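*Asks:* Here you go, this is target_38.txt (compact mmCIF, C-alpha atoms).
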```
# COMPACT_ATOMS: atom_id res chain seq x y z
CA MET A 345 23.18 9.72 -6.44
CA THR A 346 21.16 8.41 -9.38
CA ASP A 347 23.69 9.90 -11.83
CA HIS A 348 26.47 8.22 -9.88
CA LEU A 349 24.73 4.83 -10.02
CA LEU A 350 24.18 5.30 -13.74
CA ALA A 351 27.89 6.04 -14.16
CA LEU A 352 28.77 2.82 -12.33
CA LEU A 353 26.54 0.91 -14.71
CA LYS A 354 27.91 2.69 -17.78
CA ALA A 355 31.46 1.79 -16.76
CA GLN A 356 30.58 -1.89 -17.29
CA TYR A 357 27.87 -1.78 -19.93
CA PRO A 358 27.69 0.68 -22.85
CA LEU A 359 24.42 2.61 -22.81
CA ARG A 360 22.28 3.47 -25.82
CA ALA A 361 19.62 6.10 -25.22
CA CYS A 362 16.04 5.23 -26.13
CA ASP A 363 13.33 7.72 -27.01
CA ALA A 364 10.88 8.09 -24.12
CA GLY A 365 8.59 10.09 -26.38
CA GLU A 366 5.62 11.73 -24.71
CA PHE A 367 6.69 10.26 -21.37
CA SER A 368 9.97 12.19 -21.22
CA ALA A 369 8.22 14.94 -19.23
CA LEU A 370 5.12 14.33 -17.11
CA LYS A 371 2.99 16.00 -14.47
CA ALA A 372 1.11 14.01 -11.83
CA SER A 373 -0.15 14.72 -8.29
CA GLY A 374 1.64 18.05 -8.05
CA MET A 375 4.96 16.57 -9.19
CA ARG A 376 6.96 17.15 -12.36
CA PHE A 377 8.64 14.02 -13.73
CA THR A 378 11.41 13.58 -16.27
CA VAL A 379 12.01 10.12 -17.69
CA GLU A 380 14.97 8.64 -19.57
CA ALA A 381 15.37 5.14 -20.98
CA TYR A 382 18.41 3.20 -22.16
CA GLU A 383 19.51 -0.17 -23.41
CA ALA A 384 22.62 -1.42 -21.62
CA GLU A 385 24.57 -3.64 -24.00
CA GLY A 386 24.96 -7.09 -22.49
CA LEU A 387 22.68 -6.33 -19.53
CA GLY A 388 19.19 -5.14 -20.45
CA HIS A 389 16.76 -2.24 -20.13
CA VAL A 390 17.47 0.79 -17.90
CA SER A 391 15.26 3.71 -16.96
CA VAL A 392 15.74 6.80 -14.83
CA MET A 393 12.90 8.89 -13.47
CA ARG A 394 13.32 12.12 -11.52
CA ALA A 395 10.56 14.08 -9.83
CA LYS A 396 10.22 17.39 -7.99
CA GLY A 397 7.22 19.02 -6.45
CA PHE A 398 5.54 20.92 -3.66
CA PHE A 399 7.77 23.99 -4.13
CA GLY A 400 10.92 21.89 -3.98
CA LEU A 401 10.02 20.27 -0.65
CA MET A 402 9.90 16.82 -2.24
CA LYS A 403 12.37 15.17 -4.58
CA MET A 404 12.36 11.61 -5.83
CA ASP A 405 14.81 9.67 -7.99
CA THR A 406 14.20 6.23 -9.45
CA LEU A 407 16.52 3.85 -11.29
CA ILE A 408 15.19 0.60 -12.73
CA VAL A 409 17.26 -2.12 -14.40
CA ASN A 410 15.51 -5.06 -16.06
CA PRO A 411 18.39 -7.43 -16.89
CA THR A 412 17.23 -9.30 -19.98
CA GLU A 413 20.73 -10.44 -20.97
CA ARG A 414 21.96 -11.73 -17.60
CA ASP A 415 20.21 -13.93 -15.05
CA LEU A 416 20.08 -11.30 -12.34
CA PRO A 417 17.08 -10.06 -10.33
CA LEU A 418 15.25 -6.99 -11.51
CA TYR A 419 16.68 -3.96 -9.68
CA SER A 420 14.66 -0.97 -8.48
CA TYR A 421 16.12 2.04 -6.63
CA ASP A 422 14.07 4.85 -5.11
CA ARG A 423 15.39 7.80 -3.13
CA ILE A 424 12.88 10.22 -1.65
CA LEU A 425 13.74 13.47 0.14
CA ALA A 426 10.65 15.05 1.71
CA MET A 427 9.91 17.10 4.81
CA GLY A 428 13.37 16.50 6.26
CA ASN A 429 13.16 12.73 5.75
CA ASP A 430 15.55 10.70 3.63
CA THR A 431 14.11 7.42 2.37
CA LEU A 432 16.24 4.82 0.59
CA ILE A 433 14.60 1.83 -1.06
CA ALA A 434 16.62 -0.58 -3.20
CA GLU A 435 14.69 -3.71 -4.05
CA LEU A 436 15.59 -6.87 -5.92
CA TYR A 437 12.80 -8.89 -7.51
CA ASP A 438 13.38 -12.52 -8.44
CA THR A 439 12.88 -12.56 -12.17
CA THR A 440 15.73 -15.04 -12.53
CA VAL A 441 15.51 -18.40 -14.26
CA GLY A 442 18.20 -20.16 -12.24
CA GLY A 443 17.90 -18.46 -8.84
CA PHE A 444 20.12 -15.88 -7.17
CA THR A 445 22.59 -15.81 -4.30
CA SER A 446 25.04 -13.07 -3.30
CA PRO A 447 27.19 -13.47 -0.19
CA GLU A 448 28.48 -9.92 -0.80
CA LEU A 449 24.97 -8.46 -0.61
CA ASP A 450 24.18 -10.55 2.46
CA ALA A 451 27.30 -9.23 4.18
CA LEU A 452 26.48 -5.66 3.17
CA LEU A 453 23.05 -5.90 4.78
CA GLU A 454 24.62 -7.15 7.98
CA ARG A 455 27.08 -4.25 8.03
CA SER A 456 24.30 -1.71 7.47
CA ALA A 457 21.94 -3.14 10.09
CA ALA A 458 22.55 -0.21 12.45
CA LEU A 459 21.07 2.30 9.98
CA PRO A 460 17.41 3.10 10.70
CA ASP A 461 15.02 0.72 8.98
CA ARG A 462 11.82 1.57 7.15
CA ASP A 463 8.86 -0.76 7.36
CA PRO A 464 8.24 -1.79 3.72
CA GLY A 465 4.70 -2.91 4.53
CA THR A 466 2.90 -5.87 2.99
CA HIS A 467 2.50 -6.12 -0.77
CA TRP A 468 1.41 -8.58 -3.44
CA TYR A 469 5.01 -8.96 -4.67
CA ASP A 470 6.50 -9.96 -1.31
CA GLY A 471 6.93 -13.52 -2.58
CA ILE A 472 9.50 -12.43 -5.17
CA ARG A 473 11.06 -9.54 -3.26
CA LEU A 474 14.49 -10.89 -2.30
CA SER A 475 15.96 -10.65 1.17
CA GLN A 476 18.93 -8.69 -0.23
CA SER A 477 16.61 -5.69 -0.70
CA ILE A 478 17.03 -2.68 1.57
CA SER A 479 14.53 -0.22 3.03
CA LYS A 480 15.84 2.61 5.19
CA LYS A 481 14.47 5.92 6.45
CA GLY A 482 16.43 8.61 8.27
CA LYS A 483 17.24 12.29 8.44
CA LYS A 484 20.02 14.51 7.13
CA PRO A 485 22.68 12.97 9.45
CA GLU A 486 22.14 9.60 7.71
CA ARG A 487 22.39 10.97 4.17
CA GLN A 488 26.05 10.20 3.56
CA ALA A 489 25.70 6.72 5.01
CA PHE A 490 22.65 6.13 2.82
CA ASP A 491 24.64 7.30 -0.22
CA ARG A 492 27.43 4.82 0.54
CA LEU A 493 24.94 2.02 1.14
CA ALA A 494 23.13 2.73 -2.14
CA GLU A 495 26.41 2.75 -4.06
CA ASP A 496 27.73 -0.42 -2.43
CA HIS A 497 24.41 -2.21 -2.88
CA PHE A 498 24.19 -1.36 -6.58
CA ALA A 499 27.85 -2.21 -7.19
CA ALA A 500 27.40 -5.60 -5.49
CA TRP A 501 24.33 -6.31 -7.61
CA LEU A 502 26.21 -5.31 -10.77
CA GLY A 503 29.14 -7.49 -9.78
CA ALA A 504 27.09 -10.59 -9.05
CA ALA A 505 27.92 -13.35 -11.49
CA GLY A 506 24.40 -14.72 -11.88
CA GLN A 507 23.67 -17.96 -13.67
CA PRO A 508 24.32 -18.43 -17.41
CA LEU A 509 21.20 -17.17 -19.16
CA THR A 510 20.09 -19.90 -21.54
CA ASP A 511 16.38 -19.08 -21.78
CA LYS A 512 15.89 -15.39 -22.55
CA ALA A 513 12.21 -15.89 -23.29
CA ALA A 514 11.58 -17.28 -19.79
CA LYS A 515 13.57 -14.42 -18.26
CA ARG A 516 11.53 -11.82 -20.14
CA ALA A 517 8.29 -13.55 -19.20
CA LYS A 518 9.12 -13.34 -15.49
CA ALA A 519 9.84 -9.61 -15.72
CA ALA A 520 6.66 -9.08 -17.73
CA ALA A 521 4.65 -10.93 -15.07
CA TYR A 522 6.02 -8.61 -12.39
CA VAL A 523 5.12 -5.51 -14.41
CA ASP A 524 1.66 -6.91 -15.16
CA GLY A 525 1.25 -7.39 -11.42
CA LEU A 526 2.10 -3.74 -10.77
CA LEU A 527 -0.47 -2.66 -13.31
CA THR A 528 -3.12 -5.05 -11.99
CA HIS A 529 -2.67 -4.67 -8.25
CA GLY A 530 -1.53 -1.05 -8.22
CA GLY A 531 0.67 0.69 -5.69
CA PRO A 532 1.68 4.23 -4.67
CA SER A 533 3.49 5.21 -7.88
CA THR A 534 1.35 3.07 -10.18
CA ASP A 535 -1.85 4.63 -8.87
CA VAL A 536 -0.44 8.15 -9.28
CA PHE A 537 0.21 7.56 -12.98
CA LYS A 538 -3.10 5.78 -13.54
CA LYS A 539 -4.91 8.80 -12.15
CA ALA A 540 -2.91 11.29 -14.24
CA LEU A 541 -2.49 9.33 -17.48
CA GLY A 542 -5.21 6.71 -17.48
CA GLN A 543 -4.82 2.94 -17.66
CA GLU A 544 -3.73 2.64 -21.28
CA LYS A 545 -0.95 5.23 -21.18
CA THR A 546 0.27 3.97 -17.80
CA GLU A 547 0.64 0.52 -19.34
CA LEU A 548 2.69 1.99 -22.18
CA LEU A 549 4.87 3.94 -19.75
CA PHE A 550 5.57 0.90 -17.61
CA ARG A 551 5.99 -1.74 -20.30
CA LYS A 552 7.83 0.21 -22.99
CA VAL A 553 9.75 2.91 -21.11
CA LEU A 554 10.30 2.08 -17.45
CA PHE A 555 10.76 -1.70 -17.65
CA GLY A 556 11.20 -2.47 -21.35
CA THR A 557 9.11 -5.64 -21.29
CA GLU A 558 7.61 -4.87 -24.70
```
Write the structure described by the file as structure tokens, please.
*Replies:*
Amino acid sequence: MTDHLLALLKAQYPLRACDAGEFSALKASGMRFTVEAYEAEGLGHVSVMRAKGFFGLMKMDTLIVNPTERDLPLYSYDRILAMGNDTLIAELYDTTVGGFTSPELDALLERSAALPDRDPGTHWYDGIRLSQSISKKGKKPERQAFDRLAEDHFAAWLGAAGQPLTDKAAKRAKAAAYVDGLLTHGGPSTDVFKKALGQEKTELLFRKVLFGTE
């Protein structure tokens, strides 16, 4: 699914590959990670991270888009297949300068309400996590529906007009503040990398490769 989402993005914005350097292949907490980074012309920074572990019993795909050229929320997609469970998390973080509305995303969430929800828990970033985010958890029977929801959600986000971006510095500062918050407050994935790589390298991974805030 991550490749499909990346193809949807590439159809609208030309992609230029960036060198992920030493972070292109990582090991942490029994998982093997591969990382790719891109610049999407006219949109912003894009990263893809794939992970496998525990003898193939767990797979995780991540797609992050930090839109530095358009006034859209930061987009983060995670798909986790583990122990027969299928978890879909697609979150929008308000790094906009002029605010964000999307009737199409609102309608999509209403249409997908019957799919089993996942409790996202309580986190430090809840104040900027937009209501158009989705968090679902199911089994194999829900997989196709989750695929369609992920595709429709990403396409609606890509198609949102957003406000004219007149202050790129302010936009970048908001994204940087979110990433700094991840590094300061931690979280499941952040803590995994801190343990495996240390604080300094985790900061480089997040700021330069995953989110492109530096």
*Asks:* Measure the distance from CA of Lys403 (chain A) to CA of Thr534 (chain A) in Å and round it to one decimal.
*Replies:* 17.3 Å
*Asks:* So which one's closest to Pro447 (chain A), A:His497, A:Arg516, A:Lys539, A:Lys483? Using only C-alpha atoms, please.
*Replies:*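 Of all the options, A:His497 lies closest to Pro447 (chain A).
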*Asks:* Please compute the CA of Gln356 (chain A)-CA of Leu493 (chain A) distance, one decimal, in Å.
*Replies:*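 Interatomic distance, CA of Gln356 (chain A) to CA of Leu493 (chain A): 19.7 Å.
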*Asks:* Could you tell me how far CA of Gly365 (chain A) lies from CA of Leu416 (chain A), in Å and to one decimal?
*Replies:* 28.0 Å
*Asks:* Env of region 439-442 of chain A: 9 Å cut, atoms = only C-alpha atoms, seq-sep filter 3 positions within chain, self excluded. Answer as a ChimeraX atom specification.
*Replies:* /A:410-411,414-418,436,472,506-512,514-519,521-522
*Asks:* Hey, which of A:His529, A:Arg455, A:Arg423, A:His389 ends up closest to Gly556 (chain A)? Count only C-alpha atoms.
*Replies:*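 Under the stated criterion, the closest residue is A:His389.
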*Asks:* Using all atoms listed in the file, give me every residue within 12 Å of (24.0, -4.2, -25.2) in file coordinates, as a PDB file with C-alpha atoms, keeping the file's coordinate frame.
*Replies:*
```pdb
ATOM      1  CA  LEU A 353      26.540   0.910 -14.710  1.00  0.00           C
ATOM      2  CA  LYS A 354      27.910   2.690 -17.780  1.00  0.00           C
ATOM      3  CA  GLN A 356      30.580  -1.890 -17.290  1.00  0.00           C
ATOM      4  CA  TYR A 357      27.870  -1.780 -19.930  1.00  0.00           C
ATOM      5  CA  PRO A 358      27.690   0.680 -22.850  1.00  0.00           C
ATOM      6  CA  LEU A 359      24.420   2.610 -22.810  1.00  0.00           C
ATOM      7  CA  ARG A 360      22.280   3.470 -25.820  1.00  0.00           C
ATOM      8  CA  ALA A 361      19.620   6.100 -25.220  1.00  0.00           C
ATOM      9  CA  TYR A 382      18.410   3.200 -22.160  1.00  0.00           C
ATOM     10  CA  GLU A 383      19.510  -0.170 -23.410  1.00  0.00           C
ATOM     11  CA  ALA A 384      22.620  -1.420 -21.620  1.00  0.00           C
ATOM     12  CA  GLU A 385      24.570  -3.640 -24.000  1.00  0.00           C
ATOM     13  CA  GLY A 386      24.960  -7.090 -22.490  1.00  0.00           C
ATOM     14  CA  LEU A 387      22.680  -6.330 -19.530  1.00  0.00           C
ATOM     15  CA  GLY A 388      19.190  -5.140 -20.450  1.00  0.00           C
ATOM     16  CA  HIS A 389      16.760  -2.240 -20.130  1.00  0.00           C
ATOM     17  CA  VAL A 390      17.470   0.790 -17.900  1.00  0.00           C
ATOM     18  CA  PRO A 411      18.390  -7.430 -16.890  1.00  0.00           C
ATOM     19  CA  THR A 412      17.230  -9.300 -19.980  1.00  0.00           C
ATOM     20  CA  GLU A 413      20.730 -10.440 -20.970  1.00  0.00           C
ATOM     21  CA  ARG A 414      21.960 -11.730 -17.600  1.00  0.00           C
TER      22      ARG A 414
END
```
*Asks:* Choose the residue, out of A:Phe398, A:Phe555, A:Phe498, A:Phe490, that has the smallest atom-to-atom separation from Leu432 (chain A); count all atoms listed in the file.
*Replies:*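 Residue with the minimum atom-to-atom distance to Leu432 (chain A): A:Phe490.
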*Asks:* I want to know what sits within 9 Å of Glu380 (chain A), based on all atoms listed in the file, with residues of the same chain fewer than 5 positions away left out; could you give that as a list in words?
*Replies:*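 Result of the neighbour search: Ala361, Cys362, Asp363, Ala364, Phe367, Ser368, Val390, Ser391, Val392, Met393, Arg394, Val553 and Leu554 of chain A.
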*Asks:* Excluding same-chain residues fewer than 2 positions from Leu527 (chain A), what lies within 10 Å of it counting only C-alpha atoms, as a PDB file with C-alpha atoms, in the coordinates of the input?
*Replies:*
```pdb
ATOM      1  CA  ALA A 521       4.650 -10.930 -15.070  1.00  0.00           C
ATOM      2  CA  TYR A 522       6.020  -8.610 -12.390  1.00  0.00           C
ATOM      3  CA  VAL A 523       5.120  -5.510 -14.410  1.00  0.00           C
ATOM      4  CA  ASP A 524       1.660  -6.910 -15.160  1.00  0.00           C
ATOM      5  CA  GLY A 525       1.250  -7.390 -11.420  1.00  0.00           C
ATOM      6  CA  HIS A 529      -2.670  -4.670  -8.250  1.00  0.00           C
ATOM      7  CA  GLY A 530      -1.530  -1.050  -8.220  1.00  0.00           C
ATOM      8  CA  GLY A 531       0.670   0.690  -5.690  1.00  0.00           C
ATOM      9  CA  THR A 534       1.350   3.070 -10.180  1.00  0.00           C
ATOM     10  CA  ASP A 535      -1.850   4.630  -8.870  1.00  0.00           C
ATOM     11  CA  LYS A 538      -3.100   5.780 -13.540  1.00  0.00           C
ATOM     12  CA  GLN A 543      -4.820   2.940 -17.660  1.00  0.00           C
ATOM     13  CA  THR A 546       0.270   3.970 -17.800  1.00  0.00           C
ATOM     14  CA  GLU A 547       0.640   0.520 -19.340  1.00  0.00           C
ATOM     15  CA  PHE A 550       5.570   0.900 -17.610  1.00  0.00           C
ATOM     16  CA  ARG A 551       5.990  -1.740 -20.300  1.00  0.00           C
TER      17      ARG A 551
END
```
*Asks:* Using all atoms listed in the file for the distances, tell me which of A:Asp347, A:Glu366, A:Asp496, A:Asp491 is nearest to Thr406 (chain A).
*Replies:*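 Looking only at the distances to Thr406 (chain A), the closest residue turns out to be A:Asp347.
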*Asks:* Counting all atoms listed in the file, what is within 10 Å of Ala372 (chain A), bar same-chain residues fewer than 4 positions away, as a compact mmCIF listing (two decimals) with C-alpha atoms, in the coordinates of the input?
*Replies:*
```
# COMPACT_ATOMS: atom_id res chain seq x y z
CA ARG A 376 6.96 17.15 -12.36
CA PHE A 377 8.64 14.02 -13.73
CA ALA A 395 10.56 14.08 -9.83
CA GLY A 397 7.22 19.02 -6.45
CA SER A 533 3.49 5.21 -7.88
CA VAL A 536 -0.44 8.15 -9.28
CA PHE A 537 0.21 7.56 -12.98
CA LYS A 538 -3.10 5.78 -13.54
CA LYS A 539 -4.91 8.80 -12.15
CA ALA A 540 -2.91 11.29 -14.24
CA LEU A 541 -2.49 9.33 -17.48
```
*Asks:* Taking all atoms listed in the file into account, name the residue in A:Leu349, A:Leu452, A:Ala504, A:Ala434 that is nearest to Pro464 (chain A).
*Replies:*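 Of A:Leu349, A:Leu452, A:Ala504, A:Ala434, the one nearest Pro464 (chain A), counting all atoms listed in the file, is A:Ala434.
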*Asks:* Dig up all the protein and nucleic acid residues within 6 Å of (4.3, -6.0, -7.1) in the file frame, using all atoms listed in the file, and format them as a list in words.
*Replies:*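 Result, sorted by chain then residue number: Trp468, Tyr469, Gly525 and Leu526 of chain A.
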*Asks:* Which one is closest to Tyr437 (chain A): A:Ala355, A:Ala500, A:Leu474, A:Leu548? Count only C-alpha atoms.
*Replies:*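 With only C-alpha atoms as the atom set, the closest residue is A:Leu474.
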